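Everything below belongs to structure25.txt, which stores compact mmCIF, N, CA and C atoms.
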# COMPACT_ATOMS: atom_id res chain seq x y z
N MET A 1 22.02 -77.08 14.55
CA MET A 1 21.60 -75.69 14.66
C MET A 1 21.94 -75.20 16.07
N THR A 2 22.47 -74.00 16.14
CA THR A 2 22.82 -73.42 17.43
C THR A 2 21.62 -72.70 18.04
N GLN A 3 21.74 -72.33 19.31
CA GLN A 3 20.67 -71.56 19.96
C GLN A 3 20.46 -70.22 19.26
N LEU A 4 21.57 -69.60 18.85
CA LEU A 4 21.46 -68.31 18.17
C LEU A 4 20.75 -68.45 16.82
N GLN A 5 21.03 -69.52 16.10
CA GLN A 5 20.33 -69.75 14.84
C GLN A 5 18.84 -70.01 15.07
N ALA A 6 18.52 -70.78 16.10
CA ALA A 6 17.11 -71.03 16.43
C ALA A 6 16.42 -69.72 16.80
N LEU A 7 17.11 -68.88 17.56
CA LEU A 7 16.56 -67.56 17.92
C LEU A 7 16.27 -66.76 16.65
N ALA A 8 17.21 -66.75 15.72
CA ALA A 8 17.02 -66.00 14.47
C ALA A 8 15.84 -66.54 13.66
N VAL A 9 15.70 -67.86 13.63
CA VAL A 9 14.58 -68.46 12.90
C VAL A 9 13.25 -67.99 13.48
N TRP A 10 13.09 -68.10 14.80
CA TRP A 10 11.80 -67.77 15.41
C TRP A 10 11.52 -66.28 15.43
N MET A 11 12.57 -65.46 15.58
CA MET A 11 12.34 -64.02 15.48
C MET A 11 11.88 -63.66 14.07
N SER A 12 12.44 -64.33 13.06
CA SER A 12 12.04 -64.07 11.68
C SER A 12 10.60 -64.52 11.41
N VAL A 13 10.25 -65.70 11.91
CA VAL A 13 8.88 -66.21 11.73
C VAL A 13 7.88 -65.27 12.41
N ILE A 14 8.20 -64.86 13.63
CA ILE A 14 7.30 -63.98 14.38
C ILE A 14 7.20 -62.62 13.69
N ALA A 15 8.31 -62.10 13.19
CA ALA A 15 8.29 -60.82 12.47
C ALA A 15 7.47 -60.94 11.18
N ALA A 16 7.56 -62.07 10.51
CA ALA A 16 6.76 -62.28 9.29
C ALA A 16 5.26 -62.25 9.62
N GLY A 17 4.88 -62.81 10.76
CA GLY A 17 3.49 -62.74 11.20
C GLY A 17 3.05 -61.30 11.41
N HIS A 18 3.93 -60.51 11.99
CA HIS A 18 3.64 -59.09 12.21
C HIS A 18 3.40 -58.37 10.88
N VAL A 19 4.27 -58.62 9.92
CA VAL A 19 4.12 -57.99 8.60
C VAL A 19 2.82 -58.44 7.93
N ALA A 20 2.52 -59.73 8.01
CA ALA A 20 1.29 -60.23 7.39
C ALA A 20 0.06 -59.56 7.99
N LEU A 21 0.04 -59.38 9.30
CA LEU A 21 -1.11 -58.74 9.93
C LEU A 21 -1.16 -57.24 9.63
N GLN A 22 0.01 -56.63 9.45
CA GLN A 22 0.05 -55.23 9.03
C GLN A 22 -0.56 -55.07 7.64
N VAL A 23 -0.19 -55.96 6.75
CA VAL A 23 -0.73 -55.95 5.39
C VAL A 23 -2.25 -56.13 5.43
N ASN A 24 -2.73 -57.01 6.32
CA ASN A 24 -4.17 -57.21 6.47
C ASN A 24 -4.87 -55.90 6.89
N VAL A 25 -4.25 -55.13 7.77
CA VAL A 25 -4.83 -53.84 8.17
C VAL A 25 -4.89 -52.91 6.97
N ILE A 26 -3.81 -52.84 6.21
CA ILE A 26 -3.77 -51.97 5.04
C ILE A 26 -4.83 -52.36 4.02
N ILE A 27 -4.95 -53.65 3.76
CA ILE A 27 -5.96 -54.14 2.81
C ILE A 27 -7.36 -53.75 3.28
N ASN A 28 -7.64 -53.94 4.55
CA ASN A 28 -8.98 -53.60 5.07
C ASN A 28 -9.22 -52.09 5.05
N ARG A 29 -8.20 -51.29 5.36
CA ARG A 29 -8.37 -49.84 5.29
C ARG A 29 -8.65 -49.38 3.86
N ARG A 30 -7.94 -49.94 2.91
CA ARG A 30 -8.15 -49.55 1.51
C ARG A 30 -9.54 -49.99 1.04
N ARG A 31 -9.92 -51.23 1.39
CA ARG A 31 -11.23 -51.75 0.97
C ARG A 31 -12.36 -50.87 1.52
N GLU A 32 -12.19 -50.43 2.76
CA GLU A 32 -13.25 -49.65 3.41
C GLU A 32 -13.03 -48.13 3.28
N LYS A 33 -11.97 -47.74 2.56
CA LYS A 33 -11.67 -46.31 2.33
C LYS A 33 -11.47 -45.55 3.65
N VAL A 34 -10.64 -46.14 4.52
CA VAL A 34 -10.31 -45.52 5.81
C VAL A 34 -8.85 -45.11 5.75
N GLY A 35 -8.59 -43.82 5.98
CA GLY A 35 -7.22 -43.32 5.88
C GLY A 35 -6.42 -43.44 7.16
N LEU A 36 -7.09 -43.33 8.31
CA LEU A 36 -6.39 -43.33 9.58
C LEU A 36 -7.26 -43.99 10.64
N GLY A 37 -6.65 -44.77 11.50
CA GLY A 37 -7.42 -45.43 12.56
C GLY A 37 -8.36 -46.45 11.97
N ASP A 38 -9.54 -46.58 12.59
CA ASP A 38 -10.51 -47.55 12.08
C ASP A 38 -11.70 -46.89 11.40
N GLY A 39 -11.77 -45.55 11.48
CA GLY A 39 -12.85 -44.83 10.80
C GLY A 39 -14.24 -45.23 11.25
N GLY A 40 -14.34 -45.85 12.44
CA GLY A 40 -15.64 -46.32 12.92
C GLY A 40 -16.13 -47.56 12.21
N ASN A 41 -15.28 -48.18 11.43
CA ASN A 41 -15.65 -49.37 10.66
C ASN A 41 -15.27 -50.62 11.44
N SER A 42 -16.23 -51.49 11.67
CA SER A 42 -15.98 -52.68 12.49
C SER A 42 -14.98 -53.65 11.86
N ARG A 43 -15.00 -53.76 10.54
CA ARG A 43 -14.06 -54.66 9.86
C ARG A 43 -12.62 -54.16 10.05
N VAL A 44 -12.42 -52.86 9.88
CA VAL A 44 -11.08 -52.28 10.05
C VAL A 44 -10.67 -52.36 11.52
N LEU A 45 -11.59 -52.07 12.42
CA LEU A 45 -11.29 -52.16 13.85
C LEU A 45 -10.82 -53.56 14.22
N ARG A 46 -11.49 -54.55 13.70
CA ARG A 46 -11.12 -55.94 14.01
C ARG A 46 -9.72 -56.25 13.47
N ALA A 47 -9.41 -55.81 12.25
CA ALA A 47 -8.07 -56.03 11.69
C ALA A 47 -7.00 -55.31 12.52
N VAL A 48 -7.30 -54.10 12.94
CA VAL A 48 -6.36 -53.33 13.78
C VAL A 48 -6.14 -54.04 15.11
N ARG A 49 -7.20 -54.55 15.73
CA ARG A 49 -7.07 -55.23 17.02
C ARG A 49 -6.35 -56.57 16.89
N ILE A 50 -6.58 -57.29 15.80
CA ILE A 50 -5.85 -58.54 15.59
C ILE A 50 -4.35 -58.24 15.51
N HIS A 51 -4.00 -57.23 14.75
CA HIS A 51 -2.60 -56.84 14.63
C HIS A 51 -2.07 -56.34 15.97
N GLY A 52 -2.83 -55.50 16.64
CA GLY A 52 -2.40 -54.95 17.93
C GLY A 52 -2.20 -56.02 18.98
N ASN A 53 -3.12 -56.96 19.05
CA ASN A 53 -2.98 -58.05 20.03
C ASN A 53 -1.74 -58.87 19.76
N TYR A 54 -1.45 -59.12 18.51
CA TYR A 54 -0.23 -59.86 18.14
C TYR A 54 1.00 -59.06 18.54
N LEU A 55 1.00 -57.80 18.16
CA LEU A 55 2.15 -56.92 18.40
C LEU A 55 2.45 -56.77 19.89
N GLU A 56 1.42 -56.77 20.72
CA GLU A 56 1.61 -56.63 22.17
C GLU A 56 2.43 -57.77 22.76
N GLN A 57 2.41 -58.93 22.12
CA GLN A 57 3.11 -60.10 22.64
C GLN A 57 4.56 -60.20 22.17
N ILE A 58 4.91 -59.50 21.11
CA ILE A 58 6.23 -59.67 20.51
C ILE A 58 7.38 -59.28 21.44
N PRO A 59 7.36 -58.14 22.12
CA PRO A 59 8.53 -57.80 22.95
C PRO A 59 8.82 -58.85 24.03
N PHE A 60 7.79 -59.32 24.70
CA PHE A 60 7.99 -60.33 25.75
C PHE A 60 8.47 -61.65 25.16
N THR A 61 7.96 -61.99 23.99
CA THR A 61 8.35 -63.23 23.34
C THR A 61 9.80 -63.15 22.85
N PHE A 62 10.16 -62.03 22.22
CA PHE A 62 11.55 -61.86 21.77
C PHE A 62 12.50 -61.92 22.96
N ALA A 63 12.14 -61.27 24.05
CA ALA A 63 12.99 -61.29 25.25
C ALA A 63 13.13 -62.71 25.78
N ALA A 64 12.04 -63.46 25.80
CA ALA A 64 12.09 -64.85 26.28
C ALA A 64 12.98 -65.71 25.40
N PHE A 65 12.86 -65.55 24.08
CA PHE A 65 13.70 -66.32 23.17
C PHE A 65 15.17 -65.91 23.33
N GLY A 66 15.42 -64.63 23.53
CA GLY A 66 16.79 -64.18 23.76
C GLY A 66 17.38 -64.78 25.02
N LEU A 67 16.60 -64.80 26.09
CA LEU A 67 17.07 -65.41 27.34
C LEU A 67 17.31 -66.91 27.18
N MET A 68 16.42 -67.59 26.47
CA MET A 68 16.63 -69.02 26.25
C MET A 68 17.92 -69.25 25.46
N SER A 69 18.19 -68.40 24.48
CA SER A 69 19.42 -68.53 23.71
C SER A 69 20.63 -68.27 24.60
N PHE A 70 20.59 -67.22 25.38
CA PHE A 70 21.67 -66.88 26.30
C PHE A 70 21.92 -67.99 27.31
N ALA A 71 20.85 -68.65 27.72
CA ALA A 71 20.94 -69.73 28.71
C ALA A 71 21.30 -71.07 28.08
N ALA A 72 21.61 -71.08 26.79
CA ALA A 72 21.98 -72.31 26.07
C ALA A 72 20.90 -73.39 26.20
N THR A 73 19.67 -72.97 26.06
CA THR A 73 18.54 -73.91 26.07
C THR A 73 18.66 -74.83 24.87
N PRO A 74 18.43 -76.13 25.06
CA PRO A 74 18.49 -77.04 23.91
C PRO A 74 17.59 -76.55 22.77
N VAL A 75 18.11 -76.66 21.57
CA VAL A 75 17.43 -76.13 20.39
C VAL A 75 16.04 -76.74 20.22
N TRP A 76 15.87 -78.01 20.53
CA TRP A 76 14.55 -78.63 20.36
C TRP A 76 13.52 -77.97 21.26
N ILE A 77 13.93 -77.49 22.43
CA ILE A 77 13.00 -76.79 23.33
C ILE A 77 12.63 -75.43 22.72
N VAL A 78 13.62 -74.74 22.19
CA VAL A 78 13.36 -73.44 21.55
C VAL A 78 12.37 -73.63 20.40
N HIS A 79 12.57 -74.66 19.59
CA HIS A 79 11.67 -74.91 18.47
C HIS A 79 10.27 -75.29 18.96
N ALA A 80 10.18 -76.11 19.98
CA ALA A 80 8.87 -76.50 20.51
C ALA A 80 8.11 -75.28 21.02
N ILE A 81 8.79 -74.42 21.73
CA ILE A 81 8.15 -73.21 22.26
C ILE A 81 7.79 -72.26 21.11
N GLY A 82 8.63 -72.19 20.09
CA GLY A 82 8.32 -71.36 18.92
C GLY A 82 7.07 -71.83 18.20
N VAL A 83 6.97 -73.14 17.99
CA VAL A 83 5.78 -73.70 17.34
C VAL A 83 4.53 -73.41 18.17
N MET A 84 4.65 -73.58 19.48
CA MET A 84 3.50 -73.33 20.36
C MET A 84 3.07 -71.86 20.29
N PHE A 85 4.04 -70.94 20.28
CA PHE A 85 3.70 -69.52 20.22
C PHE A 85 2.99 -69.18 18.91
N VAL A 86 3.56 -69.62 17.80
CA VAL A 86 2.95 -69.31 16.50
C VAL A 86 1.55 -69.92 16.39
N ALA A 87 1.38 -71.15 16.86
CA ALA A 87 0.06 -71.79 16.83
C ALA A 87 -0.94 -71.02 17.68
N ALA A 88 -0.50 -70.58 18.85
CA ALA A 88 -1.38 -69.82 19.74
C ALA A 88 -1.80 -68.50 19.11
N ARG A 89 -0.85 -67.80 18.50
CA ARG A 89 -1.18 -66.50 17.92
C ARG A 89 -2.04 -66.65 16.65
N ILE A 90 -1.82 -67.70 15.88
CA ILE A 90 -2.69 -67.95 14.72
C ILE A 90 -4.10 -68.25 15.20
N ALA A 91 -4.23 -69.09 16.22
CA ALA A 91 -5.55 -69.41 16.76
C ALA A 91 -6.25 -68.16 17.25
N HIS A 92 -5.50 -67.29 17.92
CA HIS A 92 -6.09 -66.05 18.43
C HIS A 92 -6.57 -65.17 17.27
N ALA A 93 -5.74 -65.02 16.25
CA ALA A 93 -6.11 -64.18 15.11
C ALA A 93 -7.33 -64.73 14.39
N VAL A 94 -7.36 -66.04 14.18
CA VAL A 94 -8.52 -66.66 13.51
C VAL A 94 -9.77 -66.51 14.38
N GLY A 95 -9.62 -66.74 15.67
CA GLY A 95 -10.76 -66.60 16.58
C GLY A 95 -11.31 -65.19 16.61
N LEU A 96 -10.43 -64.20 16.67
CA LEU A 96 -10.87 -62.81 16.70
C LEU A 96 -11.42 -62.36 15.36
N SER A 97 -10.90 -62.90 14.27
CA SER A 97 -11.43 -62.50 12.96
C SER A 97 -12.85 -63.01 12.75
N GLY A 98 -13.21 -64.08 13.43
CA GLY A 98 -14.55 -64.63 13.29
C GLY A 98 -15.55 -64.07 14.27
N SER A 99 -15.08 -63.57 15.41
CA SER A 99 -15.99 -63.09 16.45
C SER A 99 -15.29 -62.11 17.36
N SER A 100 -16.00 -61.03 17.69
CA SER A 100 -15.42 -60.08 18.66
C SER A 100 -15.71 -60.53 20.09
N GLY A 101 -16.51 -61.56 20.23
CA GLY A 101 -16.80 -62.11 21.55
C GLY A 101 -15.86 -63.25 21.88
N ILE A 102 -16.22 -64.01 22.87
CA ILE A 102 -15.42 -65.16 23.28
C ILE A 102 -15.51 -66.24 22.21
N SER A 103 -14.35 -66.81 21.87
CA SER A 103 -14.31 -67.91 20.91
C SER A 103 -13.23 -68.89 21.34
N ARG A 104 -13.30 -70.09 20.83
CA ARG A 104 -12.28 -71.10 21.16
C ARG A 104 -10.90 -70.66 20.69
N GLY A 105 -10.85 -70.06 19.51
CA GLY A 105 -9.57 -69.60 18.98
C GLY A 105 -8.93 -68.55 19.86
N ARG A 106 -9.73 -67.58 20.29
CA ARG A 106 -9.19 -66.54 21.17
C ARG A 106 -8.76 -67.12 22.50
N LEU A 107 -9.57 -68.02 23.04
CA LEU A 107 -9.25 -68.64 24.32
C LEU A 107 -7.95 -69.45 24.21
N PHE A 108 -7.85 -70.28 23.18
CA PHE A 108 -6.64 -71.06 22.96
C PHE A 108 -5.44 -70.14 22.76
N GLY A 109 -5.64 -69.08 22.01
CA GLY A 109 -4.55 -68.14 21.74
C GLY A 109 -4.03 -67.46 22.98
N VAL A 110 -4.92 -66.99 23.81
CA VAL A 110 -4.51 -66.30 25.04
C VAL A 110 -3.84 -67.26 26.00
N ILE A 111 -4.50 -68.36 26.28
CA ILE A 111 -3.93 -69.34 27.23
C ILE A 111 -2.64 -69.93 26.67
N GLY A 112 -2.62 -70.23 25.39
CA GLY A 112 -1.41 -70.76 24.76
C GLY A 112 -0.25 -69.79 24.85
N THR A 113 -0.51 -68.51 24.66
CA THR A 113 0.55 -67.50 24.76
C THR A 113 1.06 -67.41 26.19
N TRP A 114 0.16 -67.43 27.16
CA TRP A 114 0.60 -67.40 28.56
C TRP A 114 1.47 -68.61 28.89
N ILE A 115 1.05 -69.77 28.43
CA ILE A 115 1.82 -70.99 28.68
C ILE A 115 3.21 -70.87 28.05
N VAL A 116 3.26 -70.39 26.82
CA VAL A 116 4.54 -70.22 26.14
C VAL A 116 5.46 -69.30 26.94
N LEU A 117 4.94 -68.17 27.36
CA LEU A 117 5.78 -67.22 28.10
C LEU A 117 6.26 -67.80 29.42
N VAL A 118 5.37 -68.47 30.14
CA VAL A 118 5.77 -69.09 31.41
C VAL A 118 6.83 -70.16 31.15
N LEU A 119 6.62 -71.01 30.15
CA LEU A 119 7.59 -72.06 29.84
C LEU A 119 8.94 -71.47 29.41
N ALA A 120 8.90 -70.48 28.54
CA ALA A 120 10.14 -69.90 28.03
C ALA A 120 10.95 -69.22 29.14
N TYR A 121 10.29 -68.38 29.93
CA TYR A 121 11.02 -67.71 31.00
C TYR A 121 11.46 -68.69 32.08
N SER A 122 10.62 -69.65 32.41
CA SER A 122 10.99 -70.66 33.41
C SER A 122 12.18 -71.48 32.94
N THR A 123 12.15 -71.88 31.69
CA THR A 123 13.26 -72.65 31.13
C THR A 123 14.57 -71.86 31.22
N ALA A 124 14.52 -70.60 30.82
CA ALA A 124 15.72 -69.76 30.87
C ALA A 124 16.21 -69.60 32.31
N LEU A 125 15.31 -69.32 33.23
CA LEU A 125 15.71 -69.14 34.64
C LEU A 125 16.29 -70.41 35.24
N ILE A 126 15.67 -71.53 34.95
CA ILE A 126 16.18 -72.81 35.48
C ILE A 126 17.56 -73.09 34.91
N ARG A 127 17.72 -72.86 33.62
CA ARG A 127 19.03 -73.12 33.00
C ARG A 127 20.09 -72.17 33.54
N LEU A 128 19.72 -70.93 33.82
CA LEU A 128 20.70 -69.94 34.30
C LEU A 128 21.04 -70.11 35.78
N PHE A 129 20.03 -70.42 36.60
CA PHE A 129 20.25 -70.41 38.04
C PHE A 129 20.30 -71.78 38.71
N VAL A 130 19.71 -72.77 38.11
CA VAL A 130 19.67 -74.09 38.74
C VAL A 130 20.70 -75.02 38.08
N ILE A 131 20.60 -75.12 36.76
CA ILE A 131 21.50 -76.01 36.04
C ILE A 131 22.88 -75.38 35.89
N GLY A 132 22.84 -74.06 35.60
CA GLY A 132 24.09 -73.31 35.51
C GLY A 132 24.84 -73.64 34.31

Any chance you could give the structure as structure tokens?
Amino acid sequence: MTQLQALAVWMSVIAAGHVALQVNVIINRRREKVGLGDGGNSRVLRAVRIHGNYLEQIPFTFAAFGLMSFAATPVWIVHAIGVMFVAARIAHAVGLSGSSGISRGRLFGVIGTWIVLVLAYSTALIRLFVIG
């Protein structure tokens, strides 16, 4: 598998997560009869925030994966970072769906996402500027 193929795989997986969380918002809005926004409904608000929190991470993650691909990062590293990102975002979504307060899932999700971004950008920079 090439770096570009690995990039396509992880962008597709991450986009599928976005669609799944969008569908969750729609299901909750229909169940609670909310046409726009959250309608003051805590269940809908939570679904919207789970989706929003996920969506906020996608541009930076896509950019990091693109840089890793451009930098010819070994495919196994791209896959490892992809697995870590998806696991972190699932943990965050599960944690937030169970509690609007602090939870292990949310904590793991946030810290895991930060680690992924630092690793991905660092890997790309090292490969571009140090290893060459």

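Between atom N of Phe108 of chain A and atom C of Gln5 of chain A the separation is 27.9 Å.
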
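With only C-alpha atoms as the atoms that count, the minimum distance from Val130 of chain A to the choices A:Ala71, A:Leu55, A:Val44, A:Met1 is reached by A:Ala71.
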
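Put simply, atom CA of Trp10 of chain A is 21.8 Å away from atom CA of Arg106 of chain A.
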
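Of the listed residues (A:Thr113, A:Ser103, A:Ser122, A:Ser69), A:Ser69 comes nearest to Thr2 of chain A; the distances count only N, CA and C atoms.
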
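Closest to Leu107 of chain A among A:Val83, A:His92, A:Ala120, A:Ser12 is A:His92, based on only N, CA and C atoms.
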
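The smallest atom-to-atom distance between Ser100 of chain A and any of A:Arg46, A:Ile14, A:Ala87, A:Ile131, using all atoms listed in the file, is found for A:Arg46.
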
List the neighbours of Thr123 of chain A out to 8 Å using only N, CA and C atoms; skip same-chain residues closer than 6 positions along the sequence, and give me the result as a PyMOL selection string.
-> chain A and resi 67-68+71+73+117+129

For the point (13.7, -70.3, 28.6) in the file's frame, write as a VMD selection string all residues with an atom no more than 12 Å away, counting only C-alpha atoms.
-> chain A and resid 3 7 60 to 82 115 to 129

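Distances from A:Gln22, A:Ile50, A:Val13, A:Arg43 to Val94 of chain A were compared using all atoms listed in the file, and the smallest one belongs to A:Ile50.
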
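Residues lying within 5 Å of (1.5, -62.7, 14.8). Counted over all atoms listed in the file, they are Gly17, His18 and Tyr54 of chain A.
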
Kindly give the distance, in Å, that separates atom N of Glu56 of chain A and atom C of Gly37 of chain A, rounded to a single decimal.
-> 16.7 Å

Specify the axis-aligned box that encloses all atoms of segment 120-131 of chain A listed in the file after padding of 4 Å on each side, stating its centre and edge lengths in Å to one decimal as AutoDock Vina command-line options.
--center_x 15.9 --center_y -71.9 --center_z 33.4 --size_x 22.0 --size_y 16.3 --size_z 18.7

Find the residues of segment 44-129 of chain A that sit at most 10 Å from segment 29-33 of chain A; for each, write down the nearest two atoms and how far apart they are in Å, to one decimal. Count only C-alpha atoms. Sort by chain, then by number going up, and give it as a tab-separated table.
residue	atom	partner	partner_atom	distance
A:Val44	CA	A:Arg29	CA	6.0
A:Leu45	CA	A:Arg29	CA	9.3
A:Ala47	CA	A:Arg29	CA	8.9
A:Val48	CA	A:Arg29	CA	9.4

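Closest to Arg49 of chain A among A:Met84, A:Val34, A:Gly132, A:Val25 is A:Val25, based on all atoms listed in the file.
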